[in-house]
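All remarks here apply to the structure that follows.
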Amino acid sequence: MKAVWLAHHLRRQVQAHRWVILAASAAFCLLALVAGGARLGSRTVARWGAFVGQNVHLIVYLTDDVDQERARDLAELLRRVPSVAQVTAVEPAAALARFSASATAFGLDGKAMDGLEPAYFPRSLEVRLAPAADLSERAGDLAKRLRPVPGILQVDAMGSGLARLSVWVKLGRRLGAALLAALALVTLAALAAVFLRSRGAVARRAAVLDQLGETATGIRLPTSLWMAAAAAAGAGAGALVLALGWQPLVSRLERSLGIVTNAPFPALGRADIAMGLAIVLLAGLAMGYFATPLPRAQDRA
Amino acid sequence: MVLDTVTLGVARSELIVIEGAAASGKSTLLELASGVRMPDRGAVWFAGRNTAGLQRASLPFVRRNIGYYSSESLLLLEDSALANVMLALAVRGEAPAQAEQSARDALALVKASDLENRKVASLSSGQKRLVALARAVAGPPPLVVADEPAAGVGDEARDIVACALCAARDAGAAVLAATTDAVLADLLVRRGGRRIHLEQGRIAGAPAMGLVPALTPSPTPGENFQPRIITLKIDDDEDSGQDEALPPATRGPA
């Protein structure tokens with residue numbers, strides 16, 4: 001098929017199927033929102049992990065006389081406790097840095113923290129417990145056992161605080177996955193409806209072109225091209241919505257939840273967009289290809 | 001078996017009228033000639049190639065060079081009559097401007113110029129048939145095959161149909177028309193068409209096997225010989241197709 005006729009057929013088909021094309025674009029836009037949203041959502045949760053997902057169940061504050069070496073020994077002792085999964089020593093300087101970052105994120109004036117020194121922050125050990133259903137009880141038991149240990153100033157069992165928040169994040173992840181799956185199903189159903197809606201008209205055109213001696217490629221190419229273009233346009237619109245809307249949405253959510261983190265804001269990278277575009281183009285081409293049934297040899301006679 | 005032993009050659013600028021009772025094999029013969037159907041045995045030589053031996057993917061390159069009209073001819077209902085006629089020329093690879101002019105000429109030939117811009121869906125069945133006939137003769141292609149071209153277009157349109165087929169013939173096409181309409185057959189014969197009669201899958205008066213010399217121009221040097229566009233040889237021997245090759249622009253892959 002000559003390029004000029006291909007353009008002619010494309011123009012005719014776009015005129016004839018403009019509602020189908022619009023529906024296909026909308027379906028692919030929804031698909032892009034679902035897929036891109038899932039990807040960004042996953043990255044956002046990972047970003048929140050810096051705040052929530054440290055999964056710190058216990059914070060053990062050490063007395064001033066405990067030096068770095070003694071703190072390492074205590075950490076090593078804690079690691080031997082069966083229910084403990086990870087122990088991290090937090091030096092006073094690191095604690096001050098964290099505090100400053102949080103305060104800045106909350107909008108506090110930096111000058112207010114000028115007078116703070118690392119020495120004001122006690123050396124501490126952050127303890128993460130192995131996953132279990134009774135995490136809060138375990139954290140409480142361990143805190144009770146640790147408090148009398150020499151060198152330990154205070155033990156803060158986080159079981160009713162951040163650990164609980166961590167559980168909520170997990171629940172949110174599951175609910176989000178279910179919601180995304182439902183949206184994906186709706187999108188696929190919409191795409192199937194578009195596919196079936198266009199099939200009748202496209203099939204007649206294919207039969208006419210076949211009768212006139214057009215090749216299978218020539219018959220299928222225009223439909224595949226407009227379907228791929230509709231897919232790319234829809235997915236592009238979806239990506240644009242995510243690019244413009246995701247950050248403000250998550251920022252508002254983080255402010256309302258009081259989540260503070262310095263981790264970089266998640267965004268769709270070039271690789272994500274290139275891969276998504278390739279996938280939707282291929283999907284559009286495939287939909288166009290399969291929406292164009294060629295007459296069987298026995299049907300011609 | 002619908003066709004028994006049929007050997008038939010059609011030359012450039014030749015019009016053959018096939019007559020015969022219902023179920024005598026006329027439509028099958030035309031379907032074989034137009035590449036819509038392949039013979040169980042025998043050969044159909046078109047433009048130097050035995051189409052019966054071609055791969056399926058190559059058949060469109062044969063079909064696009066044949067203007068085929070039958071009551072089963074499909075049209076795009078949402079497109080205009082002009083767009084429908086242009087479609088055949090587009091498939092043949094003509095330039096859009098030239099295709100548009102040829103399509104207008106073809107519609108004028110069947111006295112349907114006033115239908116050019118009307119959607120096919122809005123046309124009567126007789127008008128649709130005229131548009132389909134215009135599509136078959138537009139160009140014209142090297143071979144025009146018309147199965148019952150006057151059926152369903154009304155008595156007064158017989159002349160139009162005959163004119164269109166003769167115009168295609170005069171423009172150099174080989175024309176094969178099958179009809180049970182004796183009036184149309186007489187009209188075509190009066191205008192220089194050659195009449196053959198098909199009976200129970202055989203050409204009446206032809207021997208059971210072998211060529212029918214009267215139906216194929218003899219390639220004797222010195223005579224005004226027109227090479228055959230198509231030769232149908234429905235028997236066991238597949239080796240006697242001596243046909244004209246198409247110009248390169250309309251030829252398909254080997």
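Simple scheme: letters A, B, ... for chains in structure tokens order, numbers from 1 for residues in each chain, numbers from 1 for ligands in the order shown.
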Please report, as CSV, each residue of chain B lying at most 12 Å from chain A, together with the nearest pair of atoms and the separation in Å rounded to one decimal; use only C-alpha atoms, and order rows by chain and ascending residue number.
```
residue,atom,partner,partner_atom,distance
B:Ser27,CA,A:Ala301,CA,9.7
B:Thr28,CA,A:Ala301,CA,8.5
B:Leu29,CA,A:Ala301,CA,11.3
B:Leu30,CA,A:Ala301,CA,10.6
B:Glu31,CA,A:Ala301,CA,7.1
B:Leu32,CA,A:Ala301,CA,9.2
B:Ala33,CA,A:Ala301,CA,12.0
B:Ser34,CA,A:Gln211,CA,9.9
B:Gly35,CA,A:Gly213,CA,9.4
B:Val36,CA,A:Ala301,CA,5.9
B:Arg37,CA,A:Ala301,CA,5.6
B:Met38,CA,A:Ala301,CA,9.1
B:Pro39,CA,A:Ala301,CA,11.3
B:Arg56,CA,A:Ala297,CA,8.8
B:Ala57,CA,A:Thr215,CA,7.2
B:Ser58,CA,A:Thr215,CA,8.2
B:Leu59,CA,A:Gly213,CA,7.5
B:Pro60,CA,A:Gly213,CA,4.0
B:Phe61,CA,A:Gly213,CA,6.2
B:Val62,CA,A:Gly213,CA,7.1
B:Arg63,CA,A:Gly213,CA,4.6
B:Arg64,CA,A:Gly213,CA,4.1
B:Asn65,CA,A:Gly213,CA,7.8
B:Ile66,CA,A:Leu212,CA,8.2
B:Gly67,CA,A:Leu212,CA,7.8
B:Tyr68,CA,A:Leu212,CA,8.0
B:Tyr69,CA,A:Gln211,CA,10.0
B:Ser70,CA,A:Gln211,CA,11.1
B:Glu72,CA,A:Arg300,CA,9.5
B:Ser73,CA,A:Gln211,CA,7.8
B:Leu74,CA,A:Val208,CA,5.5
B:Leu75,CA,A:Val208,CA,6.4
B:Leu76,CA,A:Arg205,CA,6.4
B:Leu77,CA,A:Arg204,CA,9.1
B:Glu78,CA,A:Ala16,CA,7.7
B:Asp79,CA,A:Arg12,CA,8.5
B:Ser80,CA,A:Arg12,CA,11.0
B:Ala83,CA,A:Arg12,CA,9.7
B:Asn84,CA,A:Val208,CA,9.4
B:Val85,CA,A:Leu212,CA,10.4
B:Met86,CA,A:Trp5,CA,10.4
B:Leu87,CA,A:Leu209,CA,7.9
B:Ala88,CA,A:Leu212,CA,5.8
B:Leu89,CA,A:Leu212,CA,9.0
B:Ala90,CA,A:Trp5,CA,6.5
B:Val91,CA,A:Glu214,CA,5.8
B:Arg92,CA,A:Gly213,CA,8.1
B:Gly93,CA,A:Lys2,CA,6.6
B:Glu94,CA,A:Lys2,CA,9.0
B:Ala95,CA,A:Val4,CA,8.2
B:Pro96,CA,A:Trp5,CA,7.4
B:Ala97,CA,A:Val4,CA,11.0
B:Ala99,CA,A:Trp5,CA,10.7
B:Ala132,CA,A:Val208,CA,11.0
B:Arg135,CA,A:Leu212,CA,9.5
B:Ala136,CA,A:Leu212,CA,9.1
B:Pro141,CA,A:Leu212,CA,11.4
B:Thr250,CA,A:Gly213,CA,11.5
B:Gly252,CA,A:Thr215,CA,10.4
B:Pro253,CA,A:Thr215,CA,11.5
```
Q) Among region 65-244 of chain A, which residues carry a DSSP assignment of helix (DSSP H, G or I), reported as an NGL selection string? A) :A and (68-79 or 92-105 or 110-113 or 118-120 or 135-146 or 162-211 or 216-244)
Q: as a VMD selection string, please: all residues of region 85-259 of chain A that backbone DSSP puts in strand (DSSP E).
A: chain A and resid 85 to 90 124 to 129 152 to 157
Dump of C-alpha atoms for the selected residues, as a PDB file, in the first residue's frame:
```pdb
ATOM      1  CA  ALA A  85      15.859  -8.968  63.554  1.00  0.00           C
ATOM      2  CA  GLN A  86      18.090  -5.912  63.391  1.00  0.00           C
ATOM      3  CA  VAL A  87      19.872  -3.484  65.729  1.00  0.00           C
ATOM      4  CA  THR A  88      21.209  -0.101  64.569  1.00  0.00           C
ATOM      5  CA  ALA A  89      23.322   2.193  66.692  1.00  0.00           C
ATOM      6  CA  VAL A  90      22.433   5.874  66.350  1.00  0.00           C
ATOM      7  CA  SER A 124      20.668   5.093  71.191  1.00  0.00           C
ATOM      8  CA  LEU A 125      20.023   1.678  69.689  1.00  0.00           C
ATOM      9  CA  GLU A 126      17.120   1.132  67.291  1.00  0.00           C
ATOM     10  CA  VAL A 127      15.743  -2.382  67.421  1.00  0.00           C
ATOM     11  CA  ARG A 128      13.623  -4.044  64.775  1.00  0.00           C
ATOM     12  CA  LEU A 129      11.858  -7.243  65.753  1.00  0.00           C
ATOM     13  CA  ILE A 152      20.381   1.746  79.562  1.00  0.00           C
ATOM     14  CA  LEU A 153      18.682   5.006  80.385  1.00  0.00           C
ATOM     15  CA  GLN A 154      15.277   4.512  78.863  1.00  0.00           C
ATOM     16  CA  VAL A 155      13.536   2.046  76.554  1.00  0.00           C
ATOM     17  CA  ASP A 156      10.788   3.320  74.297  1.00  0.00           C
ATOM     18  CA  ALA A 157       8.594   0.467  73.085  1.00  0.00           C
TER      19      ALA A 157
END
```
Q.
Just to confirm, what's the straight-line distance from CA of Ala229 (chain A) to CA of Gly41 (chain A) in Å (one decimal)?
A.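 CA of Ala229 (chain A) sits 27.2 Å away from CA of Gly41 (chain A).
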Q.
For Ala192 (chain A), find every residue with an atom within 12 Å (counting only C-alpha atoms), except residues of its own chain fewer than 6 positions away, and show them as a list in words.
A.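 These residues fall inside the cut-off: Val20, Ala23, Ala24, Ala27, Phe28, Leu185, Val186, Ser198, Arg199, Met287, Gly288, Phe290 and Ala291 of chain A.
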Those same residues, written as a compact mmCIF listing (two decimals), in the first residue's frame with all heavy atoms?
```txt
# COMPACT_ATOMS: atom_id res chain seq x y z
N VAL A 20 -14.90 5.44 18.64
CA VAL A 20 -14.14 4.25 19.08
C VAL A 20 -12.71 4.67 19.45
O VAL A 20 -12.15 4.21 20.45
CB VAL A 20 -14.11 3.20 17.94
CG1 VAL A 20 -13.21 2.04 18.31
CG2 VAL A 20 -15.52 2.69 17.67
N ALA A 23 -12.78 6.39 22.72
CA ALA A 23 -12.96 5.40 23.80
C ALA A 23 -11.67 4.64 24.04
O ALA A 23 -11.29 4.38 25.20
CB ALA A 23 -14.09 4.45 23.45
N ALA A 24 -10.98 4.28 22.96
CA ALA A 24 -9.71 3.55 23.10
C ALA A 24 -8.69 4.43 23.81
O ALA A 24 -7.96 3.96 24.69
CB ALA A 24 -9.20 3.14 21.73
N ALA A 27 -9.55 4.56 27.45
CA ALA A 27 -9.21 3.29 28.12
C ALA A 27 -7.71 3.20 28.36
O ALA A 27 -7.26 2.79 29.44
CB ALA A 27 -9.70 2.12 27.27
N PHE A 28 -6.93 3.59 27.37
CA PHE A 28 -5.47 3.53 27.54
C PHE A 28 -5.00 4.59 28.54
O PHE A 28 -4.01 4.37 29.24
CB PHE A 28 -4.76 3.68 26.20
CG PHE A 28 -4.61 2.37 25.48
CD1 PHE A 28 -5.45 2.02 24.45
CD2 PHE A 28 -3.62 1.48 25.86
CE1 PHE A 28 -5.32 0.80 23.80
CE2 PHE A 28 -3.48 0.26 25.22
CZ PHE A 28 -4.33 -0.07 24.19
N LEU A 185 -9.00 -4.27 35.80
CA LEU A 185 -10.06 -5.11 35.21
C LEU A 185 -11.06 -4.24 34.45
O LEU A 185 -11.48 -4.58 33.33
CB LEU A 185 -10.78 -5.90 36.30
CG LEU A 185 -10.06 -7.17 36.76
CD1 LEU A 185 -10.84 -7.82 37.89
CD2 LEU A 185 -9.92 -8.16 35.59
N VAL A 186 -11.44 -3.10 35.08
CA VAL A 186 -12.38 -2.18 34.42
C VAL A 186 -11.78 -1.68 33.11
O VAL A 186 -12.45 -1.63 32.07
CB VAL A 186 -12.70 -0.98 35.35
CG1 VAL A 186 -13.43 0.11 34.61
CG2 VAL A 186 -13.53 -1.45 36.54
N SER A 198 -15.55 -1.96 17.49
CA SER A 198 -14.95 -1.60 16.20
C SER A 198 -14.86 -2.79 15.26
O SER A 198 -14.66 -2.62 14.06
CB SER A 198 -13.55 -1.03 16.44
OG SER A 198 -12.73 -2.00 17.02
N ARG A 199 -14.99 -3.99 15.80
CA ARG A 199 -14.72 -5.19 15.01
C ARG A 199 -15.67 -5.33 13.81
O ARG A 199 -15.23 -5.70 12.71
CB ARG A 199 -14.82 -6.42 15.91
CG ARG A 199 -14.09 -7.62 15.37
CD ARG A 199 -14.10 -8.73 16.41
NE ARG A 199 -13.92 -10.03 15.79
CZ ARG A 199 -12.74 -10.54 15.49
NH1 ARG A 199 -11.66 -9.87 15.74
NH2 ARG A 199 -12.66 -11.74 14.93
N MET A 287 -3.98 -4.86 19.08
CA MET A 287 -5.45 -4.74 19.08
C MET A 287 -5.97 -4.48 17.67
O MET A 287 -6.95 -5.08 17.24
CB MET A 287 -5.89 -3.60 19.99
CG MET A 287 -6.01 -4.02 21.44
SD MET A 287 -6.63 -2.67 22.43
CE MET A 287 -8.33 -2.59 21.89
N GLY A 288 -5.29 -3.58 16.95
CA GLY A 288 -5.69 -3.30 15.57
C GLY A 288 -5.58 -4.52 14.70
O GLY A 288 -6.44 -4.80 13.86
N PHE A 290 -5.69 -7.73 15.65
CA PHE A 290 -6.68 -8.77 15.95
C PHE A 290 -8.12 -8.28 15.76
O PHE A 290 -9.04 -9.10 15.69
CB PHE A 290 -6.48 -9.31 17.37
CG PHE A 290 -5.22 -10.12 17.50
CD1 PHE A 290 -4.15 -9.69 18.26
CD2 PHE A 290 -5.09 -11.32 16.82
CE1 PHE A 290 -2.99 -10.42 18.35
CE2 PHE A 290 -3.94 -12.07 16.91
CZ PHE A 290 -2.88 -11.62 17.68
N ALA A 291 -8.31 -6.95 15.70
CA ALA A 291 -9.66 -6.43 15.46
C ALA A 291 -10.01 -6.48 13.97
O ALA A 291 -11.12 -6.14 13.59
CB ALA A 291 -9.78 -4.99 15.97
```
